[in-house]
Amino acid sequence: MFYLMSKTRYNAVAYHFYMWYNVRMKHSSADPTWLKLDNAAKIYPPAQTEGWNALFRLSVTFSEPVDREALSRALARVLKRFPNFAMRLRRGLFWYYLDRISGQPEIQDDVQNPCARMNFKENGGFAFRVRVFGNRVAVEIFHVITDGAGGLSFIKTLAAEYISEKYGVTVPRGGDILDCDEAPSKEELEDGFLKHAGPKAVPPPSGVAYHLHGTPDRDFLRVTTGIIDSAEISEKAKALGVTVTEYLATALLFAAADWKRARRGLFQSTRPVIVSIPVNLRKIFGCRTLRNFANYATVGLDTRLGEYTFEEAVKVVHHQLRLGTDKHVLAARIASNVGIEKNILLRIVPRVIKKPIMSMAYRLEGDMKNTTSLSNLGLIKLPPEMEEHITRFDFLLGSLVKNPVNAAAVGYGGKLYLNFTRVIEESFLERAFFRRLVKLGIHVKIESNN
Amino acid sequence: MSYCVNCGVELAASEKCCPLCGVEVINPASPFDPTVARPYPTRHETIRHRAIRVVAARVLSLLMAIPLILVLLLDLIEDGSMSWSLIPAASIVFAFFAFVFPCLFKKPIIWMFMIFSTLAAAAYLFVLHLLLKGDWYYLFALPVTVMTGAAAIGIYLMISSKKASLPLKLIIILLIVMVFVLLLQMLTELHFNGVIRFDWSLYVAVSCGMLSLVVLIVGRLYKKSERFRKKLFF
């Protein structure tokens, strides 16, 4: 209506109102010019240091060498669909926030040590970077933008766009492969934590876990990839009545317990061995956000209670994970985190003062409660148009503050790719883990970056 | 297709050693081929660590320049010549070289800076000696400064030494202290009273000497006697 008025009567007021409406109202709904950090992202900017920030990496391997120009064009289209990626991190008076930037990050050459501290200035201000090596495209993402599931949606859409650009194939969109011709919707950019916080805030159980210590080398993230047949491991897990994640988590717990036993000095540590497992909340709460929306469930073994057999332990882990992923428990945890963010005392403190406090809190609380973490993105299913061009996916976690070794898994094309990343020289945990799998009768193929 | 003999895992063709246990892959049927593509490139991304200490030292050196220029200017404007301002100016220069200068380097070599600080102190005292027209510099201030610097460097080198054993380190440190106090009293007495006399320094020196003897004996016994080790283990 205002458009017609502005056209027909040359009404300057109506025209300006129309422009204002277009810019303001439409942008604020689905294509915002700035975003508040979501509840989980708030901790990452103050916690980052000169040599570290919280990154994770997803990569897709094509059957042919990557065409950088086609990839660059695909990236430009994908960035329009994922506005939260086309943002730079900026400092407000009270909080950090994400501010819209135009353009796109330059496509870089891959390096030997993934997830090294991201320098935003060198990256054109973007909080993610795209790196190419041979047939592989890797996206390293700072956790303020999104979590693993959001990142997976991004890289799948990027792969779909790239295949369309390169081979001229029309890739059907659906699920988390988004259509870049559509406009981004409001639900995709909402803060799921604020929306789905429960009525009662219950903080997660406290207690410090056993920590792995080794010779630190924080500038070089060592990657050890184990390639496992998905059908084989899912059969083994099914035989015990558990999921693959639970099966892997149990093997990881055993490996960490082996470490603890091997490293004991005069006294045995009384701290329990605990594995933290990120839980994707989107399915549980029916949320479509592309930003952070994950929480953690922890599984652990108290080795003081005696020796568990694998079958016994896997049952314990199974039940712990069921309890940990209960919708109401998770809602109460979210409410607890949101409560901290909403705390008026924390809110009115300027960012300059807030930063050291939050940084210290992250160092004291962050990953103190778990020994290591296992993030499983599950099995990736793609339309056949994409499947014929894609051979592999990888997912790996950057280093954390306290825990030097972490594991991340993703399944594709009948294989499970399990990436261990560590910032210490000792490979004890990976060794104990994969040797355990071999003993359980699972074939494992290993490769590494060192 | 090779397997690790230790871990039982299959190894990718790009692996020369097992990434898990480090055992070299020796497979006569398919020897390691270095031309096989590795999963990651060889380019290593370096992370720049900006030392906060270095930045702070730079800022501090700039800040120190302000009072330095200010006192010199004030003195010059007031009576047209430099008189009193040289003392605070020399103090500021000394403080800079003794404390701030070592922090400007990313990887400091500590014993070098100790030599440098000693020289700075000697130079500062020399300037004071010239300005105040005293006669205490050559026979007292200079030897004491050099001696203190030498003792500090000796103790530092002993503490940081990786080769020397613990008893040897202790003995040498005690001997350094012993010689230092004896020389200190000798110089003091010579300068202020004109005669060489030892009293308080003797107590310190004798204690140090006896302690080093004890350390020597215990060290020897610990090394030689199994019985002694059994009683003293910690």
# chains A, B, ... in the order shown; residues from 1 in each chain; ligands from 1
call {"tool": "residues_around", "arguments": {"residues": "stretch 310-314 of chain A", "least_positions_apart": "3", "cutoff": "7 Å", "atoms": "only C-alpha atoms", "output": "list in words"}}
result
Glu246, Tyr247, Thr250, Val317 and His318 of chain A
call {"tool": "write_last_selection", "arguments": {"atoms": "N, CA and C atoms", "output": "CSV table (one decimal), in the first residue's frame"}}
result
chain,number,residue,atom,x,y,z
A,246,GLU,N,26.4,-44.3,23.3
A,246,GLU,CA,26.6,-44.9,24.6
A,246,GLU,C,27.8,-45.9,24.6
A,247,TYR,N,27.8,-46.7,23.5
A,247,TYR,CA,28.9,-47.7,23.4
A,247,TYR,C,30.3,-47.0,23.3
A,250,THR,N,31.2,-45.4,26.7
A,250,THR,CA,31.7,-46.4,27.7
A,250,THR,C,33.2,-46.8,27.4
A,317,VAL,N,26.0,-46.5,31.8
A,317,VAL,CA,26.1,-45.3,30.9
A,317,VAL,C,24.7,-45.1,30.2
A,318,HIS,N,24.1,-46.2,29.7
A,318,HIS,CA,22.9,-46.1,29.0
A,318,HIS,C,21.8,-45.4,29.9
call {"tool": "interface_residues", "arguments": {"of": "chain B", "to": "chain A", "cutoff": "7 Å", "atoms": "only C-alpha atoms", "output": "PyMOL selection string"}}
result
chain B and resi 7-12+15+19-21+39-45+47+49
call {"tool": "closest_residue", "arguments": {"among": "A:Leu98, A:Ala201, A:Ala237, A:Val299", "to": "A:Ala86", "atoms": "only C-alpha atoms"}}
result
A:Leu98
call {"tool": "select_by_dssp", "arguments": {"residues": "stretch 247-354 of chain A", "states": "alpha helix (DSSP H)", "output": "VMD selection string"}}
result
chain A and resid 247 to 262 281 to 285 310 to 324 327 to 342 344 to 348 351 to 354
call {"tool": "write_last_selection", "arguments": {"atoms": "C-alpha atoms", "output": "mmCIF file, in the first residue's frame"}}
result
data_model
loop_
_atom_site.group_PDB
_atom_site.id
_atom_site.type_symbol
_atom_site.label_atom_id
_atom_site.label_comp_id
_atom_site.auth_asym_id
_atom_site.auth_seq_id
_atom_site.Cartn_x
_atom_site.Cartn_y
_atom_site.Cartn_z
ATOM 1 C CA TYR A 247 28.883 -47.668 23.381
ATOM 2 C CA LEU A 248 31.641 -45.224 22.421
ATOM 3 C CA ALA A 249 31.221 -43.239 25.649
ATOM 4 C CA THR A 250 31.697 -46.436 27.668
ATOM 5 C CA ALA A 251 34.879 -47.302 25.772
ATOM 6 C CA LEU A 252 36.090 -43.732 26.374
ATOM 7 C CA LEU A 253 35.320 -44.013 30.092
ATOM 8 C CA PHE A 254 37.325 -47.227 30.236
ATOM 9 C CA ALA A 255 40.242 -45.568 28.439
ATOM 10 C CA ALA A 256 40.181 -42.627 30.871
ATOM 11 C CA ALA A 257 39.993 -45.028 33.820
ATOM 12 C CA ASP A 258 43.018 -46.893 32.398
ATOM 13 C CA TRP A 259 44.872 -43.581 32.246
ATOM 14 C CA LYS A 260 43.945 -42.812 35.837
ATOM 15 C CA ARG A 261 45.160 -46.242 36.964
ATOM 16 C CA ALA A 262 48.409 -45.986 34.992
ATOM 17 C CA LEU A 281 18.242 -29.777 22.101
ATOM 18 C CA ARG A 282 16.561 -29.030 18.784
ATOM 19 C CA LYS A 283 14.830 -32.384 18.510
ATOM 20 C CA ILE A 284 13.911 -32.526 22.182
ATOM 21 C CA PHE A 285 12.313 -29.068 22.237
ATOM 22 C CA PHE A 310 32.210 -53.596 29.729
ATOM 23 C CA GLU A 311 28.698 -55.046 29.702
ATOM 24 C CA GLU A 312 27.988 -53.702 33.207
ATOM 25 C CA ALA A 313 29.422 -50.292 32.433
ATOM 26 C CA VAL A 314 27.538 -49.893 29.177
ATOM 27 C CA LYS A 315 24.252 -50.422 31.043
ATOM 28 C CA VAL A 316 25.185 -47.776 33.633
ATOM 29 C CA VAL A 317 26.085 -45.317 30.885
ATOM 30 C CA HIS A 318 22.858 -46.096 29.036
ATOM 31 C CA HIS A 319 20.696 -45.238 32.047
ATOM 32 C CA GLN A 320 22.754 -42.186 32.978
ATOM 33 C CA LEU A 321 22.333 -40.806 29.480
ATOM 34 C CA ARG A 322 18.589 -41.497 29.480
ATOM 35 C CA LEU A 323 18.244 -39.567 32.743
ATOM 36 C CA GLY A 324 20.520 -36.786 31.522
ATOM 37 C CA LYS A 327 13.333 -32.911 28.697
ATOM 38 C CA HIS A 328 12.380 -31.506 32.101
ATOM 39 C CA VAL A 329 15.855 -31.915 33.557
ATOM 40 C CA LEU A 330 17.331 -30.141 30.539
ATOM 41 C CA ALA A 331 14.742 -27.349 30.764
ATOM 42 C CA ALA A 332 15.672 -26.835 34.411
ATOM 43 C CA ARG A 333 19.389 -26.649 33.522
ATOM 44 C CA ILE A 334 18.655 -24.150 30.755
ATOM 45 C CA ALA A 335 16.628 -22.098 33.239
ATOM 46 C CA SER A 336 19.618 -22.081 35.560
ATOM 47 C CA ASN A 337 21.921 -20.768 32.810
ATOM 48 C CA VAL A 338 19.369 -18.223 31.639
ATOM 49 C CA GLY A 339 18.938 -17.120 35.256
ATOM 50 C CA ILE A 340 22.617 -16.182 35.414
ATOM 51 C CA GLU A 341 22.315 -14.172 32.207
ATOM 52 C CA LYS A 342 19.206 -12.391 33.504
ATOM 53 C CA ILE A 344 20.497 -7.778 37.153
ATOM 54 C CA LEU A 345 23.812 -7.490 39.024
ATOM 55 C CA LEU A 346 25.678 -9.192 36.198
ATOM 56 C CA ARG A 347 23.835 -7.186 33.575
ATOM 57 C CA ILE A 348 24.575 -3.715 34.898
ATOM 58 C CA ARG A 351 31.809 -5.480 29.966
ATOM 59 C CA VAL A 352 35.335 -4.390 30.897
ATOM 60 C CA ILE A 353 34.741 -5.603 34.455
ATOM 61 C CA LYS A 354 32.565 -8.516 33.407
#
call {"tool": "residues_around", "arguments": {"residues": "B:Met112", "least_positions_apart": "3", "cutoff": "12 Å", "atoms": "only C-alpha atoms", "output": "PyMOL selection string"}}
result
chain B and resi 98+101-102+105+107-109+115-119+149-150+152-153+156-157
call {"tool": "write_last_selection", "arguments": {"atoms": "C-alpha atoms", "output": "PDB file, in the first residue's frame"}}
result
ATOM      1  CA  ALA B  98      67.932  -2.082  36.139  1.00  0.00           C
ATOM      2  CA  PHE B 101      65.065  -2.812  30.244  1.00  0.00           C
ATOM      3  CA  PRO B 102      65.150  -6.600  30.932  1.00  0.00           C
ATOM      4  CA  PHE B 105      62.881  -8.715  25.695  1.00  0.00           C
ATOM      5  CA  LYS B 107      63.122 -14.294  26.007  1.00  0.00           C
ATOM      6  CA  PRO B 108      65.330 -12.773  28.684  1.00  0.00           C
ATOM      7  CA  ILE B 109      68.748 -14.256  29.442  1.00  0.00           C
ATOM      8  CA  ILE B 115      75.568  -8.189  34.636  1.00  0.00           C
ATOM      9  CA  PHE B 116      73.794  -5.271  33.013  1.00  0.00           C
ATOM     10  CA  SER B 117      72.086  -4.219  36.254  1.00  0.00           C
ATOM     11  CA  THR B 118      75.427  -4.385  38.096  1.00  0.00           C
ATOM     12  CA  LEU B 119      77.027  -2.154  35.485  1.00  0.00           C
ATOM     13  CA  GLY B 149      76.577  -8.542  41.359  1.00  0.00           C
ATOM     14  CA  ALA B 150      79.082 -11.389  41.094  1.00  0.00           C
ATOM     15  CA  ALA B 152      74.079 -12.819  42.842  1.00  0.00           C
ATOM     16  CA  ILE B 153      75.073 -14.149  39.421  1.00  0.00           C
ATOM     17  CA  TYR B 156      71.591 -17.714  40.227  1.00  0.00           C
ATOM     18  CA  LEU B 157      73.796 -19.890  38.018  1.00  0.00           C
TER      19      LEU B 157
END
call {"tool": "atom_distance", "arguments": {"atom1": "atom CA of B:Ala95", "atom2": "atom CA of B:Ser160"}}
result
25.6 Å
call {"tool": "closest_residue", "arguments": {"among": "B:Val55, B:Leu187, B:Ala13, B:Ala120", "to": "B:Ala37", "atoms": "only C-alpha atoms"}}
result
B:Ala13
call {"tool": "closest_residue", "arguments": {"among": "A:Gly398, A:Tyr210, A:Gly125, A:Ala70", "to": "A:Gly168", "atoms": "only C-alpha atoms"}}
result
A:Ala70
call {"tool": "residues_around", "arguments": {"residues": "B:Lys169", "least_positions_apart": "6", "cutoff": "12 Å", "atoms": "only C-alpha atoms", "output": "list in words"}}
result
Gly154, Ile155, Tyr156, Leu157, Met158, Ile159, Ser160, Ser161, Lys162, Lys163, Leu175, Ile176, Ser212, Val215, Leu216 and Gly219 of chain B
call {"tool": "atom_distance", "arguments": {"atom1": "atom CA of A:Gly207", "atom2": "atom CA of A:Leu305"}}
result
17.4 Å
call {"tool": "residues_around", "arguments": {"residues": "B:Leu86", "least_positions_apart": "5", "cutoff": "10 Å", "atoms": "only C-alpha atoms", "output": "list of chain:residue names"}}
result
B:Leu68, B:Val71, B:Leu72, B:Asp75, B:Ser91, B:Ile92, B:Val127, B:Leu128, B:Leu131
call {"tool": "closest_residue", "arguments": {"among": "A:Asn280, A:Thr270, A:Ser399, A:Gln48", "to": "A:Ile424", "atoms": "only C-alpha atoms"}}
result
A:Ser399
call {"tool": "closest_residue", "arguments": {"among": "B:Tyr222, B:Tyr124, B:Val25, B:Lys16", "to": "B:Tyr3", "atoms": "only C-alpha atoms"}}
result
B:Val25
call {"tool": "select_by_dssp", "arguments": {"residues": "stretch 303-439 of chain A", "states": "strand (DSSP E or B)", "output": "VMD selection string"}}
result
chain A and resid 372 to 379 390 to 397 405 to 412 415 to 422 424
